[in-house]
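First up is the structure itself, then whatever we jot down about it.
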2 protein chains.
Amino acid sequence: MSTITNIRQAVPDRDDLAEDGGSSIYERLRDDIIHGRVKANERLKVAELASRMGTSTNPVREALQQLRGEGFVIMTPNRGARVRPIDEEFVRDICEIEVLIEPALTRWFVGIVTKSDIEELERLQEEIEALNFGDEMKHSNLDLQFHRLMYDRHYNRHAVDLWVRHRHILWAISRGFPTSLSRQANVLEEHRELIACIRNQDVEGAARAIGRHVEGSGRHIIERMRLDKRHG
Amino acid sequence: MSTITNIRQAVPDRDDLAEDGGSSIYERLRDDIIHGRVKANERLKVAELASRMGTSTNPVREALQQLRGEGFVIMTPNRGARVRPIDEEFVRDICEIEVLIEPALTRWFVGIVTKSDIEELERLQEEIEALNFGDEMKHSNLDLQFHRLMYDRHYNRHAVDLWVRHRHILWAISRGFPTSLSRQANVLEEHRELIACIRNQDVEGAARAIGRHVEGSGRHIIERMRLDKRHG
DNA sequence: GATTGACAAATAATGTACGATCTGAAAGTT
DNA sequence: AACTTTCAGATCGTACATTATTTGTCAATC
């Protein structure tokens, strides 16, 4: 019978050294969906996934339920789970929402920012520029710290959670993709302009800057997805 | 195209008499959390819930995982699930997000609206005014149809899903709460103005109208929550 | 005598196994 | 050809085993 061939196999021989390795069933499944290793609308059979993951069915079922809650799989009673397609539209949809949310978060930040906050932003930005996209992981971490400094203290926890989740998804999608030189330059420029607006207490300017930042990021990811799809 | 009435369990069954029958574990748990029948940060023990629901532990675990995915419970490894507090802040947070999203959806709708759409909106509005908040359930359904007509065809399915979920939560919270006369008048007025702006192709006016609509709705719910808390 | 630390028992979460029930589709019947 | 029956495959629910955490007790130390 035809089976899902693209899902990551359970680690065959290296047992117990890396324990779970931090990758739970949930994370592996989510990663497979986000990276398109399982086709859109493909059926996810619990028994099959369980044997593939090397566990029994129960953990798989619970992981699927969690993914259902997050909207990554669609479940119908007595008929199991299907993959929700993670395509360019999905990225576009997320980014469009962020284009609405992040400027709002940023406006608030401009209103409560302190001198030391700005200094910290500048310090992070210097680190980012010094690194110059040399290490994808480090850059991602610095960039996360940069934006987290702006959003973490916001009173609307729900909005911030949404941002965190969206960022997580986008990061998972774009991990491994190279960043074009053009996009690199734009990222640095957008960050610098953002800092300048914040320092000048230019609320609307900061909002516009972050809006462009999000939009550019989304466009870049979509372009990379297209290239990736074409060249395998 | 197949029927759009794909609403899961849209039938509001009010039979609380049968302990095991009727609604699913998931819905009962979610309802308990949203309505504050379980205290904030209270620990949710699977065995206890299972015996209370009259089932074994597995369905409860899966329901909890789904709720975790939706953000209603917080789970920590080997330490179980805790209730996420559903309070006034939560409502405010949701409404603030909707104040950002719904105007964007509305702007798009103004751009694609047809004559028959406007006629349908007006027909629904007439029904709403004729009903005049006589039946909470019917009003809620009509209001849902009203806004669904505007949003359902939007290309950003993710944003629409978010709206649906938020609306669902707010509806569950405010169910049973009476609507003040003042709020009733405002709702009708806001709908009328919204329709007028749409007919006149006044994009920004429509966006402002829906923004006020959402904001007023949120404020009303929060006020009712305060009253409810005070008087038991 | 009160506090702290270790150790044991209880409690609860997590994982495994299996039977019951439902679905989908291919067989067989009119 | 349409309807019914049958059956394999998958989901869903129950029971149990395992593992981790919390709690309670008691002795040792300050």
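Chains: A, B, ... in order of the structure tokens. Residues: from 1 per chain. Ligands: from 1, in order shown.
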Compile the contact shell of segment 161-164 of chain A as a VMD selection string: residues with an atom at most 10 Å away, counting only C-alpha atoms (C1' of nucleotides), same-chain residues fewer than 2 positions apart removed.
(chain A and resid 94 97 to 98 101 to 102 105 144 148 151 to 152 156 to 159 166 to 170) or (chain B and resid 71 97)
Residues of chain C within 8 Å of chain A, counting only C-alpha atoms (C1' of nucleotides), what are they? List them as a count of residues only.
4
Using only C-alpha atoms (C1' of nucleotides), which chain A residues lie at most 12 Å away from chain D, written as a ChimeraX atom specification?
/A:1,43-48,57-58,61,75-81
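In plain terms, chain A touches chain B through A:Glu62, A:Gln65, A:Gln66, A:Gly69, A:Glu70, A:Asp93, A:Asn156, A:His158, where touching means an atom at most 6 Å away, counting only C-alpha atoms.
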Based on the selection just made, write N, CA, C and O atoms of those residues as a CSV table (one decimal), in the first residue's frame.
chain,number,residue,atom,x,y,z
A,62,GLU,N,-2.5,12.6,20.4
A,62,GLU,CA,-2.5,13.9,21.1
A,62,GLU,C,-1.8,15.0,20.3
A,62,GLU,O,-2.2,16.2,20.3
A,65,GLN,N,-4.2,16.3,17.8
A,65,GLN,CA,-5.2,17.2,18.4
A,65,GLN,C,-4.6,18.6,18.6
A,65,GLN,O,-5.3,19.6,18.4
A,66,GLN,N,-3.4,18.6,19.1
A,66,GLN,CA,-2.8,19.9,19.3
A,66,GLN,C,-2.7,20.7,18.0
A,66,GLN,O,-3.0,21.9,17.9
A,69,GLY,N,-5.8,22.1,17.0
A,69,GLY,CA,-6.1,23.3,17.6
A,69,GLY,C,-5.4,24.5,17.0
A,69,GLY,O,-5.9,25.6,17.0
A,70,GLU,N,-4.2,24.3,16.5
A,70,GLU,CA,-3.4,25.3,16.0
A,70,GLU,C,-3.7,25.5,14.5
A,70,GLU,O,-3.2,26.5,13.9
A,93,ASP,N,-1.0,35.2,4.0
A,93,ASP,CA,-2.0,35.4,4.9
A,93,ASP,C,-1.5,35.8,6.3
A,93,ASP,O,-1.9,36.8,6.9
A,156,ASN,N,-1.0,43.5,25.7
A,156,ASN,CA,-1.9,42.6,24.9
A,156,ASN,C,-1.2,41.3,24.7
A,156,ASN,O,-0.5,41.0,23.7
A,158,HIS,N,-2.3,38.4,24.1
A,158,HIS,CA,-2.8,37.6,23.0
A,158,HIS,C,-2.2,38.0,21.7
A,158,HIS,O,-1.8,37.1,20.9
All residues 10 Å or closer to segment 192-198 of chain A, only C-alpha atoms (C1' of nucleotides), same chain fewer than 5 positions away omitted, as a PyMOL selection string
chain A and resi 106-107+109-111+113-114+118-119+121-122+125-126+186-187+203-210+213
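Overlaying the C-alpha atoms of chain B on those of chain A by least squares yields an RMSD of 7.9 Å.
Between Glu27 of chain A and the residues A:Gly218, A:Asn132, A:Val60, A:Gly54, the shortest atom-to-atom distance, using only C-alpha atoms, involves A:Val60.
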From a DSSP pass on the backbone, collect the residues of segment 69-180 of chain B flagged as helix (DSSP H, G or I) and hand them back as an MDAnalysis selection string.
chainID B and resid 69:70 88:112 115:131 136:151 157:174
